[in-house]
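Everything below belongs to coords27.cif, which stores mmCIF, C-alpha atoms and all ligand atoms.
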```cif
data_query
loop_
_atom_site.label_atom_id
_atom_site.label_comp_id
_atom_site.auth_asym_id
_atom_site.auth_seq_id
_atom_site.Cartn_x
_atom_site.Cartn_y
_atom_site.Cartn_z
CA MET A 1 168.36 124.51 266.00
CA GLY A 2 166.88 122.10 268.56
CA ILE A 3 166.81 122.54 272.30
CA PRO A 4 169.87 120.92 273.89
CA SER A 5 168.82 118.39 276.53
CA TYR A 6 172.03 118.92 278.50
CA VAL A 7 174.32 121.90 278.87
CA MET A 8 177.53 122.21 280.84
CA PRO A 9 177.02 124.22 284.03
CA GLU A 10 176.79 127.85 282.88
CA TYR A 11 176.04 131.29 284.24
CA ARG A 12 173.16 133.15 282.59
CA GLN A 13 172.54 136.82 283.23
CA ASN A 14 169.09 138.31 283.68
CA PRO A 15 169.15 141.32 281.30
CA LEU A 16 166.61 143.23 283.48
CA THR A 17 168.52 142.98 286.78
CA LYS A 18 172.04 141.97 285.69
CA GLU A 19 171.77 139.10 288.21
CA TRP A 20 173.49 135.84 287.37
CA VAL A 21 172.06 132.35 287.85
CA ILE A 22 173.84 129.01 287.43
CA LEU A 23 172.19 126.49 285.15
CA SER A 24 173.39 123.03 286.24
CA CYS A 25 171.43 120.11 284.84
CA GLU A 26 173.75 117.58 286.48
CA ARG A 27 172.33 118.39 289.91
CA GLN A 28 168.88 117.25 288.80
CA ALA A 29 170.14 113.66 289.07
CA ARG A 30 171.10 113.93 292.74
CA PRO A 31 169.04 111.85 295.14
CA SER A 32 167.00 113.48 297.84
CA GLU A 33 166.58 111.51 301.03
CA PHE A 34 163.90 113.83 302.23
CA LEU A 35 161.28 113.40 299.50
CA ASP A 36 160.33 109.81 300.16
CA GLN A 37 162.14 109.03 303.38
CA PRO A 38 161.03 111.34 306.15
CA ALA A 39 162.31 108.88 308.74
CA ARG A 40 165.95 108.65 309.76
CA ARG A 41 168.11 106.83 307.27
CA GLU A 42 169.92 103.60 308.19
CA SER A 43 173.66 104.18 308.27
CA SER A 44 174.17 101.12 306.01
CA ALA A 45 172.49 103.06 303.18
CA CYS A 46 174.17 106.39 303.79
CA PRO A 47 177.09 107.25 301.47
CA PHE A 48 178.66 109.51 304.13
CA CYS A 49 178.72 106.89 306.93
CA TRP A 50 181.76 104.96 308.14
CA GLY A 51 182.25 101.82 305.96
CA ASN A 52 180.64 103.37 302.85
CA GLU A 53 183.65 105.47 301.79
CA HIS A 54 183.68 103.73 298.35
CA GLU A 55 180.33 105.39 297.55
CA THR A 56 181.88 108.85 297.34
CA PRO A 57 184.41 110.04 294.72
CA ALA A 58 188.08 109.68 295.72
CA GLU A 59 189.05 111.60 298.84
CA ILE A 60 190.75 115.01 298.57
CA ALA A 61 191.67 115.21 302.27
CA ARG A 62 191.12 113.31 305.50
CA TYR A 63 191.48 114.32 309.15
CA CYS A 64 192.03 111.66 311.82
CA ASP A 65 192.69 111.57 315.53
CA ALA A 66 196.29 110.41 316.01
CA ASN A 67 195.22 107.78 318.54
CA ASP A 68 192.32 106.50 316.43
CA LYS A 69 194.18 104.50 313.76
CA GLY A 70 192.26 103.34 310.70
CA SER A 71 189.33 105.63 311.32
CA TRP A 72 188.68 109.22 310.28
CA SER A 73 186.96 112.25 311.80
CA VAL A 74 186.40 114.47 308.74
CA ARG A 75 186.69 113.69 304.99
CA VAL A 76 186.71 116.05 302.00
CA VAL A 77 185.47 114.63 298.66
CA PRO A 78 184.44 116.13 295.30
CA ASN A 79 180.67 116.67 295.01
CA LYS A 80 179.21 113.87 292.88
CA TYR A 81 176.68 116.33 291.44
CA PRO A 82 178.69 119.54 291.01
CA ALA A 83 176.94 122.85 290.37
CA VAL A 84 180.07 124.23 288.71
CA SER A 85 182.42 122.58 286.26
CA LEU A 86 186.13 121.92 286.09
CA ASN A 87 185.87 121.54 282.34
CA ALA A 88 187.77 124.47 280.91
CA SER A 89 186.80 123.58 277.32
CA SER A 90 183.43 125.25 277.94
CA ARG A 91 185.40 128.52 278.03
CA GLU A 92 185.78 128.40 274.25
CA ARG A 93 182.17 127.54 273.53
CA GLN A 94 180.76 130.84 274.77
CA PRO A 95 179.01 132.88 272.06
CA ALA A 96 180.29 136.42 271.52
CA CYS A 97 178.24 138.99 273.43
CA ASN A 98 178.51 142.80 273.44
CA ASP A 99 177.27 145.29 276.10
CA GLU A 100 173.72 145.26 274.73
CA CYS A 101 173.46 141.48 274.59
CA LEU A 102 170.16 140.18 276.04
CA PHE A 103 171.26 136.57 276.47
CA ARG A 104 174.63 136.79 278.18
CA THR A 105 176.25 133.56 279.38
CA ALA A 106 179.56 132.61 280.98
CA PRO A 107 181.02 129.19 281.80
CA ALA A 108 180.29 128.26 285.44
CA LEU A 109 183.85 127.21 286.21
CA GLY A 110 185.03 126.04 289.58
CA GLU A 111 185.18 123.15 291.99
CA HIS A 112 182.44 121.83 294.24
CA GLU A 113 183.48 119.81 297.31
CA VAL A 114 181.68 118.11 300.19
CA ILE A 115 183.11 118.04 303.71
CA ILE A 116 181.77 115.05 305.65
CA GLU A 117 181.90 116.04 309.28
CA SER A 118 181.74 112.71 311.15
CA PRO A 119 181.92 108.96 310.40
CA ARG A 120 178.76 108.61 312.56
CA HIS A 121 175.29 109.28 311.16
CA VAL A 122 174.59 112.58 312.90
CA VAL A 123 172.60 115.56 311.70
CA SER A 124 173.53 118.86 313.33
CA LEU A 125 176.85 120.54 314.10
CA THR A 126 175.97 120.13 317.77
CA ASP A 127 175.94 116.32 317.33
CA LEU A 128 179.66 116.41 316.45
CA THR A 129 182.31 115.90 319.10
CA LEU A 130 184.39 118.97 319.89
CA SER A 131 187.34 117.32 318.13
CA GLU A 132 185.28 116.66 314.96
CA THR A 133 184.15 120.32 315.00
CA GLU A 134 187.79 121.43 315.27
CA TYR A 135 188.81 119.22 312.33
CA LEU A 136 185.92 120.66 310.33
CA PHE A 137 187.17 124.22 310.79
CA LEU A 138 190.73 123.07 310.03
CA ALA A 139 189.36 121.56 306.80
CA TYR A 140 187.64 124.86 305.92
CA ARG A 141 190.93 126.71 306.39
CA ASP A 142 193.06 124.17 304.53
CA ARG A 143 190.74 123.91 301.52
CA ILE A 144 190.49 127.70 301.16
CA ALA A 145 194.31 127.91 301.37
CA ALA A 146 194.67 125.12 298.78
CA HIS A 147 192.35 126.84 296.30
CA ARG A 148 194.12 130.14 296.88
CA ALA A 149 197.49 128.49 296.19
CA ALA A 150 196.14 126.73 293.06
CA GLY A 151 195.42 130.16 291.57
CA GLN A 152 192.28 129.29 289.57
CA ALA A 153 189.51 130.45 291.89
CA GLN A 154 188.70 134.06 292.77
CA TYR A 155 186.61 133.19 295.76
CA VAL A 156 185.66 130.21 297.94
CA GLN A 157 182.15 129.95 299.38
CA ILE A 158 181.60 127.52 302.27
CA PHE A 159 178.09 126.76 303.50
CA LYS A 160 176.15 124.26 305.55
CA ASN A 161 172.51 123.23 305.15
CA VAL A 162 170.87 121.30 307.99
CA GLY A 163 167.38 119.89 307.38
CA SER A 164 165.36 119.75 304.16
CA LEU A 165 163.83 123.18 304.91
CA ALA A 166 167.37 124.56 304.72
CA GLY A 167 168.05 122.86 301.38
CA ALA A 168 169.92 119.72 302.52
CA SER A 169 169.48 116.68 300.27
CA ILE A 170 171.48 114.33 302.52
CA GLU A 171 170.79 114.11 306.25
CA HIS A 172 174.31 113.12 307.38
CA SER A 173 176.05 116.22 308.74
CA HIS A 174 178.17 117.83 306.00
CA SER A 175 179.31 121.19 304.63
CA GLN A 176 179.88 122.22 301.03
CA LEU A 177 182.56 124.31 299.41
CA MET A 178 182.48 126.01 296.03
CA ALA A 179 185.69 127.47 294.62
CA LEU A 180 184.47 129.94 291.99
CA GLU A 181 186.34 131.54 289.10
CA GLN A 182 183.78 134.37 288.95
CA LEU A 183 183.10 136.55 292.00
CA PRO A 184 179.40 136.16 292.98
CA GLN A 185 177.32 139.35 292.62
CA ASP A 186 176.57 139.67 296.35
CA LEU A 187 180.27 139.54 297.13
CA GLU A 188 181.08 142.08 294.45
CA ARG A 189 178.59 144.47 296.05
CA GLU A 190 179.78 143.81 299.63
CA VAL A 191 183.42 144.28 298.63
CA ALA A 192 182.63 147.61 296.90
CA ILE A 193 180.79 148.85 300.02
CA ALA A 194 183.61 147.72 302.35
CA ASP A 195 186.20 149.28 300.05
CA GLY A 196 184.36 152.64 300.00
CA TYR A 197 184.16 152.64 303.81
CA TYR A 198 187.84 151.75 304.11
CA ARG A 199 188.86 154.59 301.76
CA ARG A 200 186.81 157.14 303.72
CA ASN A 201 187.64 155.95 307.24
CA GLY A 202 190.84 153.91 307.00
CA ARG A 203 189.17 151.07 308.92
CA SER A 204 187.49 147.79 308.11
CA LEU A 205 183.69 148.11 307.89
CA MET A 206 183.05 144.63 309.38
CA ASN A 207 185.37 145.34 312.29
CA SER A 208 183.84 148.79 312.89
CA VAL A 209 180.39 147.16 313.09
CA LEU A 210 181.66 144.47 315.47
CA GLN A 211 183.34 147.02 317.76
CA ALA A 212 180.18 149.17 317.81
CA GLU A 213 178.07 146.09 318.64
CA LEU A 214 180.42 145.13 321.49
CA GLU A 215 180.26 148.67 322.85
CA ALA A 216 176.45 148.79 322.70
CA GLY A 217 176.10 145.22 323.97
CA THR A 218 172.36 144.94 323.27
CA ARG A 219 172.69 142.63 320.26
CA VAL A 220 175.71 140.60 321.42
CA VAL A 221 175.02 136.85 321.72
CA ALA A 222 178.38 135.32 322.63
CA GLU A 223 182.02 136.31 322.91
CA SER A 224 185.37 134.53 323.22
CA ALA A 225 188.95 135.82 323.41
CA ASN A 226 189.25 136.43 319.66
CA PHE A 227 185.69 136.28 318.27
CA ALA A 228 182.25 137.75 318.94
CA ALA A 229 178.73 137.05 317.65
CA PHE A 230 175.73 139.36 317.49
CA CYS A 231 172.26 139.60 315.93
CA PRO A 232 172.72 142.13 313.10
CA PHE A 233 170.99 145.55 313.47
CA ALA A 234 169.07 144.87 310.22
CA SER A 235 168.56 141.10 310.64
CA ARG A 236 166.61 139.61 307.73
CA PHE A 237 165.46 136.60 309.74
CA PRO A 238 164.50 135.91 313.36
CA TYR A 239 167.61 134.86 315.35
CA GLU A 240 170.02 135.66 312.50
CA ILE A 241 173.58 135.79 313.82
CA CYS A 242 176.81 137.27 312.49
CA LEU A 243 180.17 136.18 313.89
CA ALA A 244 183.52 137.87 313.20
CA ALA A 245 187.06 138.24 314.55
CA LYS A 246 187.72 141.01 317.07
CA THR A 247 190.94 141.96 315.25
CA ALA A 248 190.66 143.39 311.75
CA GLY A 249 192.70 142.34 308.77
CA GLY A 250 193.18 138.60 309.24
CA HIS A 251 192.56 136.15 306.41
CA PHE A 252 190.47 133.12 307.41
CA GLU A 253 192.96 130.84 305.66
CA GLU A 254 195.74 132.16 307.92
CA LEU A 255 194.03 131.30 311.24
CA GLN A 256 196.12 129.07 313.51
CA ALA A 257 194.91 125.72 314.88
CA GLY A 258 194.30 127.20 318.36
CA GLU A 259 192.16 130.02 316.94
CA LEU A 260 190.22 127.55 314.78
CA GLY A 261 189.54 125.44 317.88
CA GLU A 262 188.22 128.52 319.67
CA LEU A 263 186.09 129.43 316.62
CA ALA A 264 184.69 125.87 316.32
CA ALA A 265 183.68 125.98 320.01
CA ILE A 266 181.87 129.32 319.77
CA VAL A 267 179.99 128.36 316.56
CA ARG A 268 178.93 125.09 318.20
CA GLU A 269 177.87 127.01 321.31
CA ILE A 270 175.73 129.45 319.29
CA ILE A 271 173.96 126.66 317.37
CA GLY A 272 173.47 124.87 320.71
CA ARG A 273 171.75 127.98 322.09
CA ILE A 274 169.51 128.25 319.00
CA GLU A 275 168.57 124.58 319.34
CA SER A 276 167.95 124.72 323.09
CA MET A 277 165.59 127.64 322.50
CA LEU A 278 163.83 126.51 319.33
CA GLY A 279 164.30 122.72 319.41
CA PRO A 280 165.96 120.72 316.59
CA ILE A 281 165.52 123.09 313.68
CA ALA A 282 166.62 123.50 310.06
CA TYR A 283 169.36 126.09 309.71
CA ASN A 284 172.02 127.40 307.35
CA TYR A 285 175.31 129.00 307.96
CA TYR A 286 177.91 130.30 305.58
CA LEU A 287 181.46 131.52 305.84
CA ARG A 288 182.42 134.57 303.81
CA PRO A 289 186.21 134.67 303.47
CA ALA A 290 187.77 137.62 301.63
CA PRO A 291 188.05 137.22 297.85
CA PHE A 292 191.61 136.28 296.89
CA ASP A 293 192.44 139.40 294.87
CA ILE A 294 191.86 141.90 297.71
CA ASP A 295 195.11 143.83 298.27
CA SER A 296 194.75 144.80 301.89
CA SER A 297 192.76 142.31 303.92
CA ASP A 298 191.62 145.28 306.03
CA GLN A 299 189.14 146.12 303.29
CA TYR A 300 187.04 143.00 303.69
CA ASP A 301 187.01 140.94 306.87
CA TRP A 302 185.80 137.35 306.86
CA HIS A 303 182.69 136.53 308.86
CA ILE A 304 180.16 133.75 309.42
CA GLU A 305 176.37 134.17 309.14
CA ILE A 306 174.04 131.72 310.86
CA PHE A 307 170.26 131.65 310.50
CA PRO A 308 167.60 129.18 311.65
CA ARG A 309 164.92 128.57 308.99
CA LEU A 310 161.83 129.61 310.90
CA VAL A 311 160.14 131.50 308.08
CA LYS A 312 159.64 130.95 304.37
CA VAL A 313 160.71 133.60 301.91
CA ALA A 314 157.41 134.76 300.37
CA GLY A 315 156.03 137.00 297.61
CA PHE A 316 156.97 140.36 299.12
CA GLU A 317 160.58 139.31 299.72
CA TRP A 318 160.86 137.78 296.23
CA SER A 319 159.30 140.81 294.57
CA THR A 320 161.19 143.54 296.41
CA GLY A 321 164.30 141.98 297.97
CA VAL A 322 163.12 143.48 301.29
CA PHE A 323 162.75 140.99 304.15
CA ILE A 324 160.07 141.39 306.80
CA ASN A 325 161.40 140.19 310.17
CA THR A 326 158.97 139.65 313.04
CA VAL A 327 161.55 139.24 315.87
CA SER A 328 163.72 142.25 316.71
CA PRO A 329 167.45 141.47 316.89
CA GLU A 330 167.59 143.06 320.37
CA VAL A 331 164.94 140.61 321.66
CA ALA A 332 166.57 137.67 319.83
CA ALA A 333 170.04 138.48 321.22
CA LYS A 334 168.77 138.90 324.77
CA ALA A 335 166.97 135.55 324.64
CA LEU A 336 170.00 133.72 323.15
CA ARG A 337 172.44 135.42 325.51
CA SER A 338 170.49 134.54 328.63
CA LEU A 339 170.68 130.79 327.96
CA PRO A 340 173.32 128.93 330.00
CA ASP A 341 176.77 128.59 328.39
CA GLN A 342 177.32 124.99 327.31
CA ARG A 343 180.77 125.46 325.80
CA GLY A 344 183.11 122.54 326.26
CA ASN A 345 180.33 120.05 327.06
ZN ZN B 1 175.33 108.69 307.42
#
```
Entire entry expressed as structure tokens:
Amino acid sequence: MGIPSYVMPEYRQNPLTKEWVILSCERQARPSEFLDQPARRESSACPFCWGNEHETPAEIARYCDANDKGSWSVRVVPNKYPAVSLNASSRERQPACNDECLFRTAPALGEHEVIIESPRHVVSLTDLTLSETEYLFLAYRDRIAAHRAAGQAQYVQIFKNVGSLAGASIEHSHSQLMALEQLPQDLEREVAIADGYYRRNGRSLMNSVLQAELEAGTRVVAESANFAAFCPFASRFPYEICLAAKTAGGHFEELQAGELGELAAIVREIIGRIESMLGPIAYNYYLRPAPFDIDSSDQYDWHIEIFPRLVKVAGFEWSTGVFINTVSPEVAAKALRSLPDQRGN
């Protein structure tokens, strides 16, 4: 049997660690603006800019200001180079595999979407207008709700990469969404931990942590009526931030427009503080909503994790899974907290 030059996106499991990886050859074809074009790209050549809408696959959703006819603020399109596949026929092609199987595979089924955050060629979340940021968080909510209603996915992962050091291949500000039919291993572990805590204490673990952080105050970075952000006690990276709702038990996809506006403003404010302290910097954030099959939403509360990419993950971290962090979260939080509040600017 020869070596296939192309395989459908598939999960493969490492038999030594039971960790899954996705093999997706299609993504090899995606262009990278950063390899040969370190300078800023002209908007005429950018597929995400206003006027180049035909360069993306057909739109899934669009958000517009009512008084801005003909234009758009935020667009959602399928990813042209998906890491997971919609093609259910790959389900049948999986070889049989028992418990002792050394080469376990599974079809990497799901949907991969791109959320374009502005018609203007801007880079960071802080370059968006407040109204674009609000539409972005509305889009997050609506797409999670749509995948939940469609009933195929178990979990939706939303993430944003800014800068090539953070893994972005296109400069124009965008987020990505992956609706997955298999729960990722990290989520499975987090859900089991949260579930154990809930059974023992009758309270949400995420919310207990947030309340304890608010009480202590030393690691709190920012707070609004319904949300709060802090540098986690065991931060992996300098200036890592976790943001959650003050009230336990709410699903992200059930947030109201007013709450999403408040959330958009505080996320923008936090990234603004990071940038005013460290300058324009590569960063990632991701939203962890609860998996769809959780009975009581109290067991697993949604949260957002934000981290500037100041350090490279090196040999020790790769070999042990243990991160070495050189900035204490107490020092990081104090520095970020003491910057002037720019919300609403
Ligand atoms: Zn652009």
Hey, which bits of range 49-131 of chain A sit within 9 Å of range 153-171 of chain A, and for each residue what's the closest pair of atoms and how far apart in Å (one decimal), counting only C-alpha atoms, rows by chain and increasing number, as a Markdown table?
```
| residue | atom | partner | partner_atom | distance |
| --- | --- | --- | --- | --- |
| A:Leu109 | CA | A:Ala153 | CA | 8.6 |
| A:Gly110 | CA | A:Ala153 | CA | 6.7 |
| A:Glu111 | CA | A:Ala153 | CA | 8.5 |
| A:His121 | CA | A:Glu171 | CA | 8.2 |
| A:Val122 | CA | A:Glu171 | CA | 7.8 |
| A:Val123 | CA | A:Glu171 | CA | 5.9 |
| A:Ser124 | CA | A:Val162 | CA | 6.4 |
| A:Leu125 | CA | A:Val162 | CA | 8.6 |
```
Residues of range 233-325 of chain A at most 12 Å from range 186-195 of chain A: nearest atom pair and distance in Å, only C-alpha atoms, as a tab-separated table:
```
residue	atom	partner	partner_atom	distance
A:Leu287	CA	A:Leu187	CA	11.9
A:Arg288	CA	A:Leu187	CA	8.6
A:Pro289	CA	A:Leu187	CA	10.0
A:Ala290	CA	A:Val191	CA	8.5
A:Pro291	CA	A:Leu187	CA	8.2
A:Phe292	CA	A:Val191	CA	11.6
A:Asp293	CA	A:Val191	CA	10.9
A:Ile294	CA	A:Val191	CA	8.8
A:Asp295	CA	A:Asp195	CA	10.6
A:Ser296	CA	A:Asp195	CA	9.8
A:Ser297	CA	A:Asp195	CA	10.3
A:Asp298	CA	A:Asp195	CA	9.0
A:Gln299	CA	A:Asp195	CA	5.4
A:Tyr300	CA	A:Ala194	CA	6.0
A:Asp301	CA	A:Ala194	CA	8.8
A:Trp302	CA	A:Val191	CA	11.0
```
Given only C-alpha atoms and all ligand atoms as the counted atoms, nearest of A:Lys334, A:Arg120, A:His112, A:His174 to ligand ZN 1 (chain B):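 For ligand ZN 1 (chain B), the nearest of the candidates is A:Arg120.
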Determine, counting all atoms listed in the file, which protein, DNA and RNA residues have an atom within 9 Å of an atom of range 260-277 of chain A; residues of the same chain fewer than 6 positions away are not included. Present the result as a ChimeraX atom specification. /A:124-126,128,130-131,133-138,141,221-229,239,241,243,283,304,306,308,335-337,339-344
Selection: 12 Å around range 71-78 of chain A, only C-alpha atoms, excl. self and same-chain fewer than 4 positions, as a PyMOL selection string: chain A and resi 47-51+53-67+82-86+110-120+128-140+142-143+173-179
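With all atoms listed in the file as the basis for measurement, A:Ala45 is the residue among A:Met206, A:Ala96, A:Ala45, A:Ala244 that approaches ligand ZN 1 (chain B) most closely.
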With all atoms listed in the file as the basis for distance, which of A:Phe237, A:Val311, A:Ala212, A:Cys46 is at the shortest distance from ligand ZN 1 (chain B)?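 Among the listed residues, the smallest separation from ligand ZN 1 (chain B) belongs to A:Cys46.
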Here is a test: counting all atoms listed in the file, which residue of A:Glu213, A:Asn52, A:Pro107, A:His147 is nearest to ligand ZN 1 (chain B)? A:Asn52
d(CA of His172 in chain A, CA of Gly258 in chain A) in Å: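 Taking CA of His172 in chain A as the start and CA of Gly258 in chain A as the end point, the length is 26.8 Å.
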Could you tell me how far CA of Ala333 in chain A lies from CA of Phe230 in chain A, in Å and to one decimal?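 Answer for the CA of Ala333 in chain A to CA of Phe230 in chain A separation: 6.9 Å.
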